[in-house]
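Structure file data_4.txt (compact mmCIF, C-alpha atoms) follows.
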```txt
# COMPACT_ATOMS: atom_id res chain seq x y z
CA MET A 79 38.16 129.83 1.25
CA SER A 80 35.73 131.97 3.18
CA ASP A 81 31.94 131.82 3.00
CA GLU A 82 31.79 135.36 4.35
CA GLY A 83 29.22 137.38 2.45
CA ALA A 84 28.73 134.66 -0.17
CA GLY A 85 24.99 135.29 -0.40
CA SER A 86 25.19 139.07 -0.06
CA PRO A 87 23.98 141.32 -2.88
CA VAL A 88 26.45 141.75 -5.74
CA THR A 89 27.87 145.25 -5.90
CA ASP A 90 28.71 147.03 -9.17
CA ASP A 91 32.44 146.97 -8.59
CA GLU A 92 32.61 143.21 -8.05
CA GLN A 93 34.49 141.05 -10.53
CA LEU A 94 32.73 137.95 -11.88
CA ALA A 95 34.43 134.97 -13.48
CA ARG A 96 33.01 132.87 -16.30
CA PHE A 97 35.15 129.74 -16.45
CA ILE A 98 36.08 128.61 -19.95
CA PHE A 99 35.97 124.88 -20.67
CA PHE A 100 35.94 125.05 -24.48
CA ARG A 101 39.10 126.15 -26.29
CA LYS A 102 37.23 127.61 -29.27
CA TRP A 103 35.72 130.27 -27.03
CA ILE A 104 39.14 131.91 -26.93
CA ARG A 105 40.48 134.01 -29.80
CA HIS A 106 43.93 132.49 -30.01
CA ALA A 107 44.93 134.59 -33.00
CA ALA A 108 44.56 137.88 -31.14
CA PRO A 109 47.81 139.41 -29.82
CA ASP A 110 46.31 139.36 -26.35
CA GLN A 111 43.95 136.43 -26.10
CA THR A 112 40.34 137.51 -25.84
CA VAL A 113 37.10 135.65 -25.39
CA LYS A 114 34.35 135.17 -27.97
CA PRO A 115 30.71 136.10 -27.29
CA ASP A 116 29.87 132.39 -27.58
CA ALA A 117 31.06 132.01 -23.98
CA PHE A 118 28.25 134.27 -22.73
CA ILE A 119 25.24 132.63 -24.39
CA PRO A 120 22.95 131.41 -21.59
CA HIS A 121 22.01 127.79 -22.20
CA PRO A 122 20.58 125.33 -21.17
CA TYR A 123 19.46 127.47 -18.24
CA PRO A 124 17.80 130.84 -18.69
CA ASP A 125 20.65 132.32 -16.63
CA LEU A 126 24.42 132.47 -17.07
CA SER A 127 26.55 130.80 -14.41
CA VAL A 128 29.44 132.87 -12.96
CA THR A 129 31.64 132.94 -9.86
CA ARG A 130 32.15 136.03 -7.73
CA HIS A 131 35.75 136.96 -6.98
CA LYS A 132 34.68 138.32 -3.61
CA HIS A 133 36.90 137.21 -0.72
CA LEU A 134 38.68 134.64 -2.89
CA SER A 135 42.40 134.56 -3.48
CA GLU A 136 43.61 134.00 -7.03
CA GLN A 137 44.49 130.43 -6.16
CA GLU A 138 41.05 129.82 -4.63
CA ARG A 139 39.38 131.07 -7.83
CA TRP A 140 41.35 128.58 -9.89
CA ARG A 141 40.60 125.80 -7.43
CA ILE A 142 36.86 126.44 -7.88
CA GLY A 143 37.21 126.41 -11.65
CA GLN A 144 39.28 123.25 -11.58
CA GLY A 145 36.81 121.63 -9.20
CA ILE A 146 33.97 122.34 -11.62
CA ALA A 147 36.06 120.98 -14.50
CA ASP A 148 36.94 117.81 -12.62
CA ALA A 149 33.30 117.17 -11.68
CA ARG A 150 31.96 117.37 -15.24
CA PRO A 151 34.61 116.32 -16.50
CA ALA A 152 36.02 119.08 -18.70
CA THR A 153 39.28 120.88 -19.40
CA LEU A 154 39.69 124.28 -17.78
CA TYR A 155 41.36 126.69 -20.21
CA GLY A 156 40.93 129.94 -18.33
CA ARG A 157 38.29 132.39 -17.28
CA ALA A 158 36.64 135.56 -18.53
CA ASP A 159 36.49 138.22 -15.82
CA ILE A 160 33.93 140.98 -16.03
CA ARG A 161 32.66 143.67 -13.65
CA ALA A 162 29.09 143.40 -12.42
CA ALA A 163 28.52 147.00 -13.55
CA GLU A 164 29.20 145.99 -17.16
CA VAL A 165 26.63 143.21 -16.87
CA ARG A 166 24.04 145.64 -15.50
CA ARG A 167 24.80 148.10 -18.29
CA GLN A 168 23.22 145.51 -20.61
CA SER A 169 19.95 145.57 -18.60
CA LEU A 170 20.88 142.29 -16.92
CA ASP A 171 21.38 141.65 -13.22
CA VAL A 172 23.52 139.40 -11.04
CA ALA A 173 21.86 137.22 -8.40
CA PRO A 174 23.87 135.41 -5.70
CA ARG A 175 23.14 131.67 -5.93
CA PRO A 176 25.59 129.95 -3.56
CA ALA A 177 26.14 126.28 -4.36
CA ALA A 178 27.45 123.51 -2.14
CA ASN A 179 30.70 123.28 -4.07
CA ASN A 180 30.92 126.99 -4.81
CA PRO A 181 29.62 129.44 -2.17
CA ASN A 182 30.51 132.31 -4.53
CA HIS A 183 28.30 131.04 -7.35
CA ALA A 184 25.98 133.60 -8.94
CA ASP A 185 23.75 133.83 -12.00
CA VAL A 186 23.50 136.56 -14.59
CA ILE A 187 19.75 136.96 -14.96
CA GLY A 188 17.23 138.90 -17.02
CA TRP A 189 18.21 137.65 -20.48
CA PRO A 190 15.88 138.28 -23.42
CA ALA A 191 14.34 135.14 -24.90
CA ASP A 192 15.27 135.71 -28.54
CA LYS A 193 18.63 134.54 -29.81
CA PRO A 194 19.76 137.63 -31.78
CA ALA A 195 19.22 139.85 -28.74
CA GLN A 196 21.16 137.37 -26.60
CA LYS A 197 24.00 137.43 -29.13
CA MET A 198 24.11 141.20 -29.13
CA ILE A 199 24.40 141.29 -25.36
CA ALA A 200 27.00 138.54 -25.44
CA GLN A 201 29.01 140.63 -27.92
CA GLU A 202 28.96 143.60 -25.55
CA LEU A 203 29.95 141.44 -22.57
CA ALA A 204 32.81 139.89 -24.56
CA THR A 205 34.24 143.33 -25.35
CA GLN A 206 34.33 144.15 -21.64
CA ALA A 207 35.63 140.80 -20.42
CA ASN A 208 39.26 140.16 -19.62
CA PHE A 209 40.51 136.67 -20.48
CA VAL A 210 42.83 135.12 -17.92
CA ARG A 211 44.66 132.00 -18.97
CA LYS A 212 44.55 129.12 -16.51
CA ALA A 213 47.29 129.27 -13.93
CA LEU A 214 49.09 126.21 -12.69
CA LEU A 215 47.85 125.26 -9.23
CA THR A 216 50.43 124.62 -6.56
CA MET B 244 11.00 131.59 -74.22
CA THR B 245 12.35 129.81 -71.19
CA THR B 246 13.67 132.08 -68.48
CA LEU B 247 17.14 131.32 -67.22
CA ALA B 248 16.76 131.68 -63.48
CA LEU B 249 20.14 131.51 -61.80
CA TYR B 250 21.04 133.09 -58.55
CA PRO B 251 24.26 135.10 -58.68
CA PHE B 252 27.45 133.13 -58.19
CA SER B 253 26.00 129.97 -56.70
CA GLY B 254 24.69 128.18 -59.75
CA ARG B 255 21.52 127.26 -57.88
CA LEU B 256 18.51 126.90 -60.11
CA SER B 257 14.91 127.76 -59.52
CA SER B 258 12.28 125.14 -60.23
CA GLY B 259 10.88 125.07 -63.72
CA ALA B 260 14.12 126.03 -65.48
CA SER B 261 15.04 124.41 -68.79
CA GLU B 262 17.54 121.61 -69.39
CA THR B 263 19.95 124.14 -70.89
CA ALA B 264 19.71 126.24 -67.78
CA ARG B 265 20.42 123.17 -65.68
CA VAL B 266 23.54 122.35 -67.68
CA ILE B 267 24.78 125.91 -67.28
CA ALA B 268 23.97 125.87 -63.57
CA ASP B 269 25.86 122.59 -63.10
CA GLY B 270 28.84 124.08 -64.91
CA ILE B 271 28.81 127.14 -62.70
CA ALA B 272 28.52 125.00 -59.59
CA GLN B 273 31.54 122.91 -60.66
CA TRP B 274 33.52 126.02 -61.55
CA ARG B 275 32.68 127.54 -58.21
CA SER B 276 33.58 124.35 -56.38
CA ARG B 277 37.02 124.34 -58.04
CA LEU B 278 37.53 127.96 -57.04
CA GLN B 279 36.91 126.98 -53.41
CA ASP B 280 40.29 125.26 -53.62
CA SER B 281 41.95 128.56 -54.54
CA TYR B 282 43.91 129.94 -51.60
CA ALA B 283 43.01 133.49 -52.58
CA LEU B 284 39.33 132.91 -53.17
CA GLY B 285 37.96 129.81 -51.52
CA GLN B 286 36.92 128.95 -47.99
CA ARG B 287 37.97 125.33 -48.52
CA ALA B 288 41.61 126.19 -49.18
CA LYS B 289 41.65 128.72 -46.34
CA GLY B 290 40.88 125.93 -43.92
CA SER B 291 37.44 127.12 -42.86
CA LEU B 292 35.77 123.86 -43.77
CA THR B 293 38.45 121.85 -42.00
CA GLU B 294 38.01 124.01 -38.90
CA LEU B 295 34.25 123.55 -39.14
CA CYS B 296 34.71 119.77 -39.25
CA GLN B 297 36.97 119.91 -36.18
CA VAL B 298 34.50 121.99 -34.18
CA PHE B 299 31.61 119.75 -35.18
CA ASP B 300 33.60 116.73 -34.07
CA ASP B 301 34.37 118.40 -30.72
CA CYS B 302 30.74 119.41 -30.15
CA ARG B 303 28.63 116.52 -31.39
CA HIS B 304 28.20 115.12 -27.86
CA ALA B 305 26.18 116.64 -24.99
CA ASN B 306 27.91 118.90 -22.43
CA TRP B 307 30.84 119.68 -24.71
CA ASP B 308 31.27 123.04 -22.95
CA GLY B 309 31.15 121.74 -19.37
CA TYR B 310 27.93 123.70 -18.71
CA GLY B 311 25.44 121.20 -20.16
CA ALA B 312 25.54 122.28 -23.80
CA ARG B 313 23.31 120.73 -26.43
CA PRO B 314 25.11 118.66 -29.08
CA VAL B 315 25.66 120.33 -32.44
CA ALA B 316 23.30 118.64 -34.88
CA GLU B 317 24.48 117.29 -38.19
CA SER B 318 22.01 119.57 -39.96
CA ALA B 319 23.69 122.64 -38.41
CA PHE B 320 27.04 121.36 -39.63
CA ARG B 321 25.75 120.69 -43.14
CA LEU B 322 24.07 124.10 -43.37
CA ALA B 323 27.13 125.90 -42.05
CA SER B 324 29.26 124.12 -44.67
CA GLN B 325 26.85 125.20 -47.38
CA PHE B 326 26.87 128.74 -46.07
CA LEU B 327 30.67 128.91 -46.18
CA GLU B 328 30.65 127.70 -49.76
CA ALA B 329 27.92 130.20 -50.65
CA LEU B 330 29.96 133.20 -49.48
CA PRO B 331 31.30 135.45 -52.24
CA LEU B 332 34.65 134.20 -53.46
CA GLY B 333 37.47 136.07 -51.79
CA THR B 334 35.67 136.45 -48.46
CA PRO B 335 38.23 136.20 -45.63
CA ALA B 336 37.98 133.06 -43.53
CA PRO B 337 35.98 133.30 -40.30
CA SER B 338 36.88 131.75 -36.98
CA VAL B 339 34.60 128.80 -36.26
CA GLY B 340 33.05 128.07 -32.87
CA ALA B 341 29.91 126.78 -31.21
CA GLU B 342 27.31 127.96 -28.72
CA PRO B 343 25.76 126.00 -25.85
CA ASP B 344 22.39 125.77 -27.63
CA GLY B 345 23.97 123.65 -30.36
CA HIS B 346 24.49 126.38 -32.94
CA LEU B 347 27.72 126.62 -34.91
CA THR B 348 29.27 130.07 -35.00
CA LEU B 349 31.32 131.94 -37.58
CA GLU B 350 33.15 135.06 -36.46
CA TRP B 351 34.80 137.84 -38.42
CA HIS B 352 36.73 139.85 -35.85
CA ARG B 353 38.83 142.87 -36.59
CA SER B 354 38.76 144.60 -33.21
CA PRO B 355 36.56 144.58 -30.10
CA ARG B 356 34.16 147.09 -31.68
CA ARG B 357 34.34 145.86 -35.23
CA THR B 358 33.20 142.30 -35.05
CA LEU B 359 30.47 140.03 -36.42
CA SER B 360 29.21 136.76 -35.00
CA LEU B 361 26.85 134.44 -36.91
CA SER B 362 25.03 131.43 -35.47
CA MET B 363 23.76 128.68 -37.73
CA SER B 364 20.83 126.84 -36.17
CA PRO B 365 19.90 123.25 -37.09
CA GLU B 366 16.79 124.68 -38.77
CA GLY B 367 18.75 126.99 -41.07
CA ASP B 368 18.24 130.26 -39.22
CA LEU B 369 21.24 132.59 -39.34
CA HIS B 370 21.29 134.71 -36.20
CA TYR B 371 23.77 137.57 -36.33
CA ALA B 372 25.11 140.30 -34.07
CA ALA B 373 27.64 142.91 -35.11
CA LEU B 374 29.44 145.76 -33.42
CA LEU B 375 30.40 148.51 -35.86
CA GLY B 376 32.03 151.24 -33.85
CA THR B 377 29.31 152.81 -31.78
CA SER B 378 26.48 151.20 -33.73
CA LYS B 379 25.21 147.66 -33.55
CA ARG B 380 23.17 145.40 -35.81
CA TYR B 381 21.47 142.14 -34.95
CA GLY B 382 18.74 139.93 -36.32
CA THR B 383 17.90 136.69 -38.05
CA GLU B 384 18.00 135.74 -41.73
CA PRO B 385 16.90 132.44 -43.23
CA PHE B 386 19.59 130.49 -45.05
CA CYS B 387 18.18 129.01 -48.26
CA GLY B 388 21.42 128.25 -50.07
CA GLU B 389 22.40 131.86 -50.71
CA ALA B 390 24.47 134.07 -48.43
CA PRO B 391 21.95 136.73 -47.33
CA PRO B 392 23.00 140.16 -48.66
CA VAL B 393 22.69 141.75 -45.22
CA ILE B 394 25.27 139.28 -43.90
CA VAL B 395 27.64 139.80 -46.84
CA ASP B 396 27.35 143.55 -46.29
CA LEU B 397 28.12 143.21 -42.58
CA ILE B 398 31.21 141.08 -43.27
CA GLY B 399 32.46 143.82 -45.57
CA ARG B 400 31.74 146.56 -43.06
CA VAL B 401 33.54 144.70 -40.27
CA LEU B 402 36.63 144.04 -42.33
CA THR B 403 36.95 147.42 -44.05
CA ALA B 404 36.97 150.60 -42.05
```
Could you show the structure in this file as structure tokens?
Amino acid sequence: MSDEGAGSPVTDDEQLARFIFFRKWIRHAAPDQTVKPDAFIPHPYPDLSVTRHKHLSEQERWRIGQGIADARPATLYGRADIRAAEVRRQSLDVAPRPAANNPNHADVIGWPADKPAQKMIAQELATQANFVRKALLT
Amino acid sequence: MTTLALYPFSGRLSSGASETARVIADGIAQWRSRLQDSYALGQRAKGSLTELCQVFDDCRHANWDGYGARPVAESAFRLASQFLEALPLGTPAPSVGAEPDGHLTLEWHRSPRRTLSLSMSPEGDLHYAALLGTSKRYGTEPFCGEAPPVIVDLIGRVLTA
């Protein structure tokens, strides 16, 4: 894994991953599994925690997700990938917040305080997100 | 003359109603409860209440989502159960979930842009957000034992194009 550019500004074309640790956040009935808006509600922090794909191989992304799962502990089911531009389209922003165990960590910031407005944004993000089922690590 | 004050379908009674009205309301409530076991009409037989119980069980402890989520309170579970049973008979079953702030969610999803998500708070607030093609609707309704008409209308609009 490279720390190169980990704290650099997030560009619109960057992909962001929201790791999914709760199985009911996935629509299993859909032909292609999709993610529910529940996965994008920011709590308990005012911001939403994501991981930038930047400079990470697919295997490194899963290793970060699995590392987070192991530390909590939780079960990693997959991740919801979304472009930073789609986040900004909802009047939110993405701030790099490198962490010791995840140099690519970032926060989606600028959320409204009221719950219905958060839900509406989460709905829009869910429509743009691509669910990726957890891959087996080798 | 005593006014018979029933709310449609639910059998709930306003205060000050007569004994006769209470007997009728109890009868309606029992009739409605039996219909919940009907596969065609009721949420109970469709498995919604079982799914709700499973989600509540999964989410009654802190950090159930791995991000530090708040536990789902028993009051949110009880209110969500009541809401499901208050839906008009024949309403398709929602998918049940939970949000990190401890709210239980009910989702009616037909496609990415025809979808409705409800959150039941422990205080009985029903927060909703719907995508209906290019338009969107969101807000909060109090849950007082009746399914709010705006919610019933949105379920219908999501599921019928």
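Of the listed residues B:Trp307, B:Ile398, B:Asp344, B:Pro335, the one whose atoms come nearest to B:Leu361 is B:Ile398, with distances taken using only C-alpha atoms.
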Contact residues (chain B, partner chain A, 10 Å, all atoms listed in the file) as a short mmCIF file (atom, residue, chain, number, x, y, z; two decimals) with C-alpha atoms, in the coordinates of the input:
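Wrote selection.cif, looks like this:
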```cif
data_model
loop_
_atom_site.label_atom_id
_atom_site.label_comp_id
_atom_site.auth_asym_id
_atom_site.auth_seq_id
_atom_site.Cartn_x
_atom_site.Cartn_y
_atom_site.Cartn_z
CA VAL B 298 34.50 121.99 -34.18
CA ASP B 301 34.37 118.40 -30.72
CA CYS B 302 30.74 119.41 -30.15
CA ASN B 306 27.91 118.90 -22.43
CA TRP B 307 30.84 119.68 -24.71
CA ASP B 308 31.27 123.04 -22.95
CA GLY B 309 31.15 121.74 -19.37
CA TYR B 310 27.93 123.70 -18.71
CA GLY B 311 25.44 121.20 -20.16
CA ALA B 312 25.54 122.28 -23.80
CA ARG B 313 23.31 120.73 -26.43
CA SER B 338 36.88 131.75 -36.98
CA VAL B 339 34.60 128.80 -36.26
CA GLY B 340 33.05 128.07 -32.87
CA ALA B 341 29.91 126.78 -31.21
CA GLU B 342 27.31 127.96 -28.72
CA PRO B 343 25.76 126.00 -25.85
CA ASP B 344 22.39 125.77 -27.63
CA GLY B 345 23.97 123.65 -30.36
CA HIS B 346 24.49 126.38 -32.94
CA LEU B 347 27.72 126.62 -34.91
CA THR B 348 29.27 130.07 -35.00
CA GLU B 350 33.15 135.06 -36.46
CA HIS B 352 36.73 139.85 -35.85
CA ARG B 353 38.83 142.87 -36.59
CA SER B 354 38.76 144.60 -33.21
CA PRO B 355 36.56 144.58 -30.10
CA ARG B 356 34.16 147.09 -31.68
CA THR B 358 33.20 142.30 -35.05
CA LEU B 359 30.47 140.03 -36.42
CA SER B 360 29.21 136.76 -35.00
CA LEU B 361 26.85 134.44 -36.91
CA SER B 362 25.03 131.43 -35.47
CA LEU B 369 21.24 132.59 -39.34
CA HIS B 370 21.29 134.71 -36.20
CA TYR B 371 23.77 137.57 -36.33
CA ALA B 372 25.11 140.30 -34.07
CA ALA B 373 27.64 142.91 -35.11
CA LEU B 374 29.44 145.76 -33.42
CA LYS B 379 25.21 147.66 -33.55
CA ARG B 380 23.17 145.40 -35.81
CA TYR B 381 21.47 142.14 -34.95
CA GLY B 382 18.74 139.93 -36.32
CA THR B 383 17.90 136.69 -38.05
#
```
Give me the residues within 7 Å of A:Val128 as a PyMOL selection string, counting only C-alpha atoms and dropping any in the same chain fewer than 4 places off.
-> chain A and resi 94-96+183-185
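Closest to B:Gln325 among B:Glu262, B:Glu389, B:Asp368, B:Glu384 is B:Glu389, based on only C-alpha atoms.
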Pick out the closest residue to B:Thr293 from this set: B:Ser378, B:Ser324, B:Ser318, B:Gln273. Count all atoms listed in the file.
-> B:Ser324
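Within the 7 Å cut-off around A:Asp91, using only C-alpha atoms and omitting residues fewer than 5 positions from it on the same chain, the listed residues are A:Arg161, A:Ala162, A:Ala163.
Residues surrounding A:Ile142 within 8 Å are Glu138, Arg139, Gly145, Ile146, Asn179 and Asn180 of chain A [only C-alpha atoms; sequence separation below 3 positions excluded].
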